[in-house]
$ cat structure-v3.cif   # mmCIF, C-alpha atoms and all ligand atoms
data_protein
loop_
_atom_site.label_atom_id
_atom_site.label_comp_id
_atom_site.auth_asym_id
_atom_site.auth_seq_id
_atom_site.Cartn_x
_atom_site.Cartn_y
_atom_site.Cartn_z
CA MET A 582 82.97 146.34 103.62
CA SER A 583 81.35 144.67 106.61
CA ILE A 584 82.87 144.75 110.07
CA HIS A 585 83.41 141.65 112.26
CA LYS A 586 84.49 140.94 115.82
CA VAL A 587 85.95 137.45 116.40
CA GLU A 588 88.25 135.57 118.75
CA GLY A 589 91.24 133.95 117.14
CA ILE A 590 94.65 132.39 117.74
CA ILE A 591 97.58 133.83 115.80
CA LEU A 592 99.13 131.25 113.48
CA ARG A 593 101.74 133.52 111.93
CA ASN A 594 102.61 137.02 110.87
CA GLN A 595 104.84 138.37 108.14
CA PRO A 596 106.06 141.87 107.31
CA PHE A 597 104.07 143.63 104.61
CA ARG A 598 105.29 146.77 102.84
CA SER A 599 107.22 149.18 105.02
CA SER A 600 105.08 149.41 108.14
CA SER A 601 102.48 146.64 108.16
CA LEU A 602 102.01 142.96 108.89
CA ILE A 603 99.99 140.24 107.22
CA VAL A 604 98.47 138.36 110.12
CA THR A 605 96.94 134.88 109.89
CA PHE A 606 94.72 133.74 112.75
CA PHE A 607 92.29 130.89 113.34
CA THR A 608 88.80 131.54 114.69
CA ARG A 609 86.09 129.24 115.96
CA GLU A 610 83.33 130.87 113.90
CA ALA A 611 85.00 131.59 110.59
CA GLY A 612 88.06 129.34 110.37
CA LYS A 613 91.29 130.85 109.13
CA ILE A 614 91.38 134.60 108.49
CA ARG A 615 94.14 136.64 106.87
CA GLY A 616 94.36 140.36 107.23
CA VAL A 617 96.62 143.38 107.08
CA ALA A 618 97.44 145.20 110.31
CA LYS A 619 98.96 148.62 109.76
CA GLY A 620 101.65 150.35 111.79
CA VAL A 621 102.83 147.31 113.75
CA HIS A 622 105.95 146.22 111.92
CA ARG A 623 108.35 146.65 114.84
CA GLU A 624 108.65 143.69 117.17
CA ARG A 625 107.61 145.62 120.28
CA GLU A 626 104.55 147.11 118.55
CA ASN A 627 103.68 143.69 117.21
CA ARG A 628 103.81 142.13 120.67
CA GLN A 629 101.81 144.90 122.31
CA ALA A 630 99.20 144.77 119.59
CA GLY A 631 98.62 141.03 120.09
CA PHE A 632 99.91 139.78 116.75
CA GLU A 633 102.56 137.40 118.04
CA ILE A 634 102.19 133.70 117.30
CA PHE A 635 100.17 131.72 119.93
CA THR A 636 98.27 134.82 121.15
CA LEU A 637 94.52 134.47 121.64
CA ALA A 638 92.92 137.82 120.89
CA GLU A 639 89.64 139.45 119.96
CA PHE A 640 90.01 140.96 116.53
CA ILE A 641 87.99 143.61 114.77
CA PHE A 642 88.38 143.41 111.03
CA TYR A 643 86.77 144.85 107.92
CA GLU A 644 85.90 142.13 105.45
CA LYS A 645 86.85 142.84 101.87
CA LYS A 646 84.50 141.24 99.38
CA ARG A 647 86.92 140.89 96.51
CA SER A 648 89.92 139.64 98.46
CA ASP A 649 90.62 137.20 101.26
CA LEU A 650 93.09 139.70 102.72
CA HIS A 651 91.00 141.81 105.09
CA LEU A 652 91.81 144.91 107.09
CA ILE A 653 92.46 144.34 110.80
CA SER A 654 91.66 147.48 112.75
CA ASP A 655 92.11 146.30 116.33
CA ALA A 656 93.11 143.36 118.53
CA THR A 657 92.55 142.92 122.26
CA ILE A 658 94.76 140.28 123.88
CA LEU A 659 92.71 137.68 125.77
CA GLU A 660 95.55 135.24 126.46
CA SER A 661 99.10 136.16 125.50
CA ASN A 662 100.41 132.59 126.02
CA ASP A 663 103.76 134.14 126.97
CA VAL A 664 104.62 130.94 128.82
CA LEU A 665 105.01 129.20 125.45
CA ARG A 666 107.65 131.69 124.35
CA VAL A 667 109.97 131.07 127.30
CA ARG A 668 111.23 127.60 126.36
CA LEU A 669 112.66 126.46 123.05
CA GLU A 670 110.64 123.23 123.32
CA SER A 671 107.30 125.05 123.50
CA ILE A 672 108.27 127.43 120.72
CA ALA A 673 109.29 124.54 118.45
CA TYR A 674 106.23 122.35 119.05
CA GLY A 675 103.76 125.25 119.24
CA SER A 676 105.03 126.63 115.92
CA TYR A 677 104.53 123.19 114.40
CA PHE A 678 100.89 123.07 115.62
CA CYS A 679 100.23 126.49 114.10
CA GLU A 680 101.90 125.74 110.78
CA LEU A 681 100.04 122.44 110.50
CA VAL A 682 96.68 124.20 110.99
CA ASP A 683 97.70 126.87 108.49
CA GLU A 684 98.73 124.29 105.88
CA LEU A 685 95.73 121.99 106.23
CA THR A 686 92.95 124.58 106.27
CA GLU A 687 91.55 126.97 103.69
CA VAL A 688 90.68 130.58 104.48
CA GLN A 689 87.18 131.18 105.85
CA ASP A 690 86.33 127.50 106.07
CA PRO A 691 84.90 127.09 109.58
CA HIS A 692 86.10 124.17 111.71
CA PRO A 693 85.20 124.97 115.33
CA ARG A 694 86.76 121.71 116.50
CA ILE A 695 90.14 122.70 115.06
CA PHE A 696 90.02 125.93 117.04
CA ASP A 697 89.35 123.84 120.16
CA PHE A 698 92.11 121.33 119.31
CA LEU A 699 94.64 124.13 118.86
CA GLN A 700 93.58 125.93 122.02
CA THR A 701 93.78 122.67 124.00
CA ALA A 702 97.17 121.74 122.52
CA LEU A 703 98.66 125.14 123.37
CA LYS A 704 97.22 124.94 126.88
CA TYR A 705 98.78 121.53 127.59
CA LEU A 706 102.07 122.13 125.79
CA PRO A 707 104.00 123.49 128.81
CA VAL A 708 102.91 120.65 131.09
CA ILE A 709 102.78 117.42 129.09
CA SER A 710 105.07 115.28 126.90
CA PRO A 711 105.12 117.28 123.66
CA GLU A 712 105.63 114.19 121.47
CA ARG A 713 102.43 112.53 122.62
CA LEU A 714 100.52 115.81 122.55
CA THR A 715 101.71 116.41 118.97
CA LEU A 716 100.51 112.98 117.91
CA ILE A 717 97.08 113.39 119.48
CA PHE A 718 96.71 116.86 117.97
CA THR A 719 97.81 115.62 114.53
CA VAL A 720 95.43 112.65 114.51
CA LYS A 721 92.50 114.89 115.57
CA LEU A 722 93.39 117.47 112.94
CA LEU A 723 93.79 114.92 110.13
CA GLY A 724 90.48 113.30 111.11
CA GLU A 725 88.63 116.62 111.14
CA MET A 726 90.01 117.60 107.73
CA GLY A 727 89.11 114.18 106.26
CA TRP A 728 92.73 113.25 105.55
CA ILE A 729 92.50 110.17 107.80
CA PRO A 730 88.75 109.88 108.14
CA TYR A 731 88.36 106.21 109.02
CA THR A 732 90.31 104.06 111.46
CA ASP A 733 87.72 101.46 112.51
CA GLY A 734 88.72 98.76 110.01
CA CYS A 735 90.13 98.10 106.55
CA VAL A 736 89.16 100.97 104.26
CA PHE A 737 88.45 98.62 101.34
CA CYS A 738 86.60 95.59 102.75
CA ASP A 739 85.78 97.01 106.19
CA ALA A 740 87.32 93.94 107.89
CA LYS A 741 87.22 94.49 111.62
CA PRO A 742 88.39 94.29 114.21
CA LEU A 743 91.68 94.77 112.44
CA GLU A 744 94.25 93.24 114.79
CA ARG A 745 97.19 93.90 112.54
CA GLY A 746 97.40 95.54 109.18
CA TYR A 747 99.07 98.16 107.02
CA PHE A 748 98.95 101.92 106.87
CA SER A 749 98.65 103.27 103.34
CA ILE A 750 100.75 106.43 103.17
CA LYS A 751 99.14 107.24 99.81
CA GLN A 752 95.56 106.96 101.04
CA GLY A 753 95.76 107.80 104.73
CA ALA A 754 93.94 104.56 105.45
CA LEU A 755 94.29 101.17 107.10
CA LEU A 756 94.43 98.00 105.02
CA CYS A 757 93.96 94.35 106.03
CA ASP A 758 96.20 91.47 104.84
CA GLY A 759 93.79 90.64 102.01
CA CYS A 760 93.70 94.21 100.68
CA ARG A 761 97.44 94.88 100.92
CA SER A 762 97.62 94.51 97.13
CA LYS A 763 95.80 97.88 96.83
CA ASP A 764 99.00 99.53 98.06
CA GLN A 765 102.00 97.22 98.04
CA GLY A 766 104.22 99.88 99.57
CA ALA A 767 102.08 100.31 102.69
CA PRO A 768 104.17 99.76 105.83
CA ALA A 769 102.91 97.36 108.51
CA ILE A 770 101.25 98.85 111.57
CA SER A 771 101.52 97.02 114.90
CA PRO A 772 98.48 96.13 117.04
CA ALA A 773 99.55 98.63 119.72
CA CYS A 774 99.90 101.41 117.15
CA LEU A 775 96.51 100.51 115.62
CA GLU A 776 94.94 100.78 119.03
CA LEU A 777 96.58 104.14 119.58
CA ILE A 778 95.44 105.73 116.31
CA ARG A 779 91.90 104.48 116.94
CA MET A 780 91.82 105.84 120.46
CA TYR A 781 93.14 109.22 119.34
CA SER A 782 90.56 109.34 116.52
CA ARG A 783 87.58 108.48 118.69
CA GLN A 784 88.18 110.05 122.06
CA GLU A 785 88.29 113.67 123.09
CA MET A 786 91.74 115.20 123.41
CA ALA A 787 91.57 115.53 127.18
CA SER A 788 90.82 111.83 127.70
CA CYS A 789 93.55 110.81 125.21
CA LEU A 790 96.00 112.88 127.25
CA GLU A 791 95.04 111.08 130.46
CA ARG A 792 95.80 107.63 129.04
CA ALA A 793 99.35 106.27 129.21
CA SER A 794 100.72 104.82 125.97
CA SER A 795 103.65 102.63 125.04
CA ILE A 796 106.63 104.62 123.84
CA HIS A 797 107.13 102.13 120.99
CA ALA A 798 103.60 102.68 119.70
CA VAL A 799 104.01 106.46 120.02
CA ASN A 800 107.27 106.38 118.06
CA GLU A 801 105.76 104.11 115.40
CA LEU A 802 102.72 106.32 114.92
CA GLN A 803 104.91 109.38 114.77
CA ARG A 804 106.98 107.80 111.97
CA LEU A 805 103.87 106.84 109.99
CA LEU A 806 102.19 110.23 110.34
CA THR A 807 105.37 112.09 109.42
CA GLN A 808 105.69 109.99 106.25
CA PHE A 809 102.01 110.55 105.48
CA LEU A 810 102.17 114.32 105.98
CA ASN A 811 105.36 114.68 103.94
CA TYR A 812 103.73 112.69 101.14
CA ARG A 813 100.41 114.59 101.18
CA LEU A 814 101.92 118.04 101.60
CA GLY A 815 104.71 117.31 99.12
CA LYS A 816 107.21 118.94 101.46
CA ILE A 817 108.53 118.99 104.99
CA LEU A 818 107.06 121.88 106.96
CA ARG A 819 109.54 124.57 107.97
CA SER A 820 108.57 124.24 111.62
CA ARG A 821 109.05 120.47 111.39
CA ARG A 822 112.59 120.94 110.10
CA PHE A 823 113.23 123.34 112.95
CA LEU A 824 111.75 120.90 115.45
CA GLU A 825 113.94 118.06 114.18
CA SER A 826 117.03 120.28 114.31
CA VAL A 827 116.52 121.28 117.95
CA ARG A 828 115.13 117.97 119.23
CA PRO A 829 118.56 116.50 120.24
CA SER A 830 119.29 119.52 122.42
CA LEU A 831 115.78 119.42 123.95
CA ARG A 832 116.40 115.89 125.23
CA ASN A 833 119.38 117.16 127.19
CA THR A 834 117.55 119.97 128.93
ZN ZN A 901 90.52 94.62 103.55
#

$ encode --input "structure-v3.cif" --output "structure tokens"
Amino acid sequence: MSIHKVEGIILRNQPFRSSSLIVTFFTREAGKIRGVAKGVHRERENRQAGFEIFTLAEFIFYEKKRSDLHLISDATILESNDVLRVRLESIAYGSYFCELVDELTEVQDPHPRIFDFLQTALKYLPVISPERLTLIFTVKLLGEMGWIPYTDGCVFCDAKPLERGYFSIKQGALLCDGCRSKDQGAPAISPACLELIRMYSRQEMASCLERASSIHAVNELQRLLTQFLNYRLGKILRSRRFLESVRPSLRNT
């Protein structure tokens, strides 16, 4: 077994046997890592040890060669992100960010940009409209993973600039009028929404966050991406269901 020291953000933890946890965290250098942490099954021990969701910590783990479930020997909390655990809104959206990263990535497949996207999203979550932040984060993540790799023009004939068009839920791609026959079920996408998805794909997260956007375009893009994710994942994420169930009460707070 070789020993490693890495920084990572906790995506989730789950009880394992009588006194351990299986911890999943995302690192800049090595992507997603899963490991067993022993003797931390009680909530207070878990918190003190740095295994709570959203925590940024430095982990020491022993890599097992024949399994992707390693042995975590120590964690030092670098940023507890306690502020995210105070409000239901931050818990709901933050959990969605973490589950999305967990679902879209494979273990030990490095994506340094995803680490940065997640860290940025968690940093801005308490201070910015969570809907817009979620959209920006989702577009960046889908682009990085190659799920929506191209937004410049029509994916088939490369017609551009595409002023209006269609978004193929099946392909995660934009189509022009002439290529609509490739996916008859593709819903139309408005010019404002097209502009938004392009901007989010091309620009850094921080500059996307600085730009104001029309609420109609934000809602439209949110609908399209939710349909796309549900189709590609073949399910609705647990954290998404939770988010939808608490959203009406969040609007009143
Ligand atoms: Zn076309």

$ atom_distance --input "structure-v3.cif" --atom1 "CA of Asp683 in chain A" --atom2 "CA of Thr605 in chain A"
8.2 Å

$ closest_atom_pairs --input "structure-v3.cif" --of "chain A" --to "ligand ZN 901 (chain A)" --cutoff "6 Å" --atoms "all atoms listed in the file" --output "Markdown table"
| residue | atom | partner | partner_atom | distance |
| --- | --- | --- | --- | --- |
| A:Cys735 | CA | A:ZN901 | ZN | 4.6 |
| A:Phe737 | CA | A:ZN901 | ZN | 5.0 |
| A:Cys738 | CA | A:ZN901 | ZN | 4.1 |
| A:Asp739 | CA | A:ZN901 | ZN | 5.9 |
| A:Ala740 | CA | A:ZN901 | ZN | 5.4 |
| A:Leu756 | CA | A:ZN901 | ZN | 5.4 |
| A:Cys757 | CA | A:ZN901 | ZN | 4.2 |
| A:Gly759 | CA | A:ZN901 | ZN | 5.4 |
| A:Cys760 | CA | A:ZN901 | ZN | 4.3 |

$ atom_distance --input "structure-v3.cif" --atom1 "CA of Trp728 in chain A" --atom2 "CA of Phe748 in chain A"
13.0 Å

$ closest_residue --input "structure-v3.cif" --among "A:Ile672, A:Met582, A:Leu659, A:Val667" --to "Pro711 in chain A" --atoms "all atoms listed in the file"
A:Ile672

$ atom_distance --input "structure-v3.cif" --atom1 "CA of Gln629 in chain A" --atom2 "CA of Val827 in chain A"
28.2 Å

$ closest_residue --input "structure-v3.cif" --among "A:Pro768, A:Gly616, A:Pro596, A:Pro829" --to "Glu644 in chain A" --atoms "all atoms listed in the file"
A:Gly616

$ closest_residue --input "structure-v3.cif" --among "A:His651, A:Lys751, A:Arg828, A:His797" --to "Gly815 in chain A" --atoms "all atoms listed in the file"
A:Lys751

$ residues_around --input "structure-v3.cif" --residues "Asp655 in chain A" --least-positions-apart "5" --cutoff "12 Å" --atoms "only C-alpha atoms" --output "list in words"
Ile584, His585, Lys586, Val587, Glu588, Val604, Gly616, Val617, Ala618, Lys619, Gly620, Val621, Asn627, Gln629, Ala630, Gly631, Phe632, Ala638, Glu639, Phe640, Ile641, Phe642 and Tyr643 of chain A

$ residues_around --input "structure-v3.cif" --residues "range 817-820 of chain A" --least-positions-apart "5" --cutoff "7 Å" --atoms "only C-alpha atoms" --output "PyMOL selection string"
chain A and resi 673+676-677+680+811

$ residues_around --input "structure-v3.cif" --residues "Arg813 in chain A" --least-positions-apart "6" --cutoff "12 Å" --atoms "all atoms listed in the file" --output "list in words"
Glu684, Leu685, Leu723, Trp728, Ile729, Ser749, Ile750, Lys751, Gln752, Gly753, Leu806 and Thr807 of chain A

$ residues_around --input "structure-v3.cif" --residues "Ile717 in chain A" --least-positions-apart "2" --cutoff "10 Å" --atoms "all atoms listed in the file" --output "list in words"
Phe698, Ala702, Pro711, Glu712, Arg713, Leu714, Thr715, Thr719, Val720, Lys721, Leu722, Leu777, Ile778, Met780, Tyr781, Ser782, Gln784, Glu785, Met786, Ala787, Cys789, Leu790, Val799 and Gln803 of chain A

$ closest_residue --input "structure-v3.cif" --among "A:Ile590, A:Leu650, A:Val736, A:Ala611" --to "Gln700 in chain A" --atoms "all atoms listed in the file"
A:Ile590

$ closest_residue --input "structure-v3.cif" --among "A:Tyr674, A:Leu592, A:Lys763, A:Tyr705" --to "Glu791 in chain A" --atoms "all atoms listed in the file"
A:Tyr705

$ residues_around --input "structure-v3.cif" --residues "His692 in chain A" --least-positions-apart "2" --cutoff "7 Å" --atoms "all atoms listed in the file" --output "list in words"
Arg609, Gly612, Asp690, Arg694, Ile695 and Phe696 of chain A

$ axis_aligned_box --input "structure-v3.cif" --around "range 679-692 of chain A" --padding-each-side "6 Å" --output "AutoDock Vina command-line options"
--center_x 93.4 --center_y 126.6 --center_z 108.9 --size_x 29.0 --size_y 21.2 --size_z 22.4

$ closest_residue --input "structure-v3.cif" --among "A:Leu814, A:Arg779, A:Leu669, A:Val682" --to "Ser830 in chain A" --atoms "all atoms listed in the file"
A:Leu669
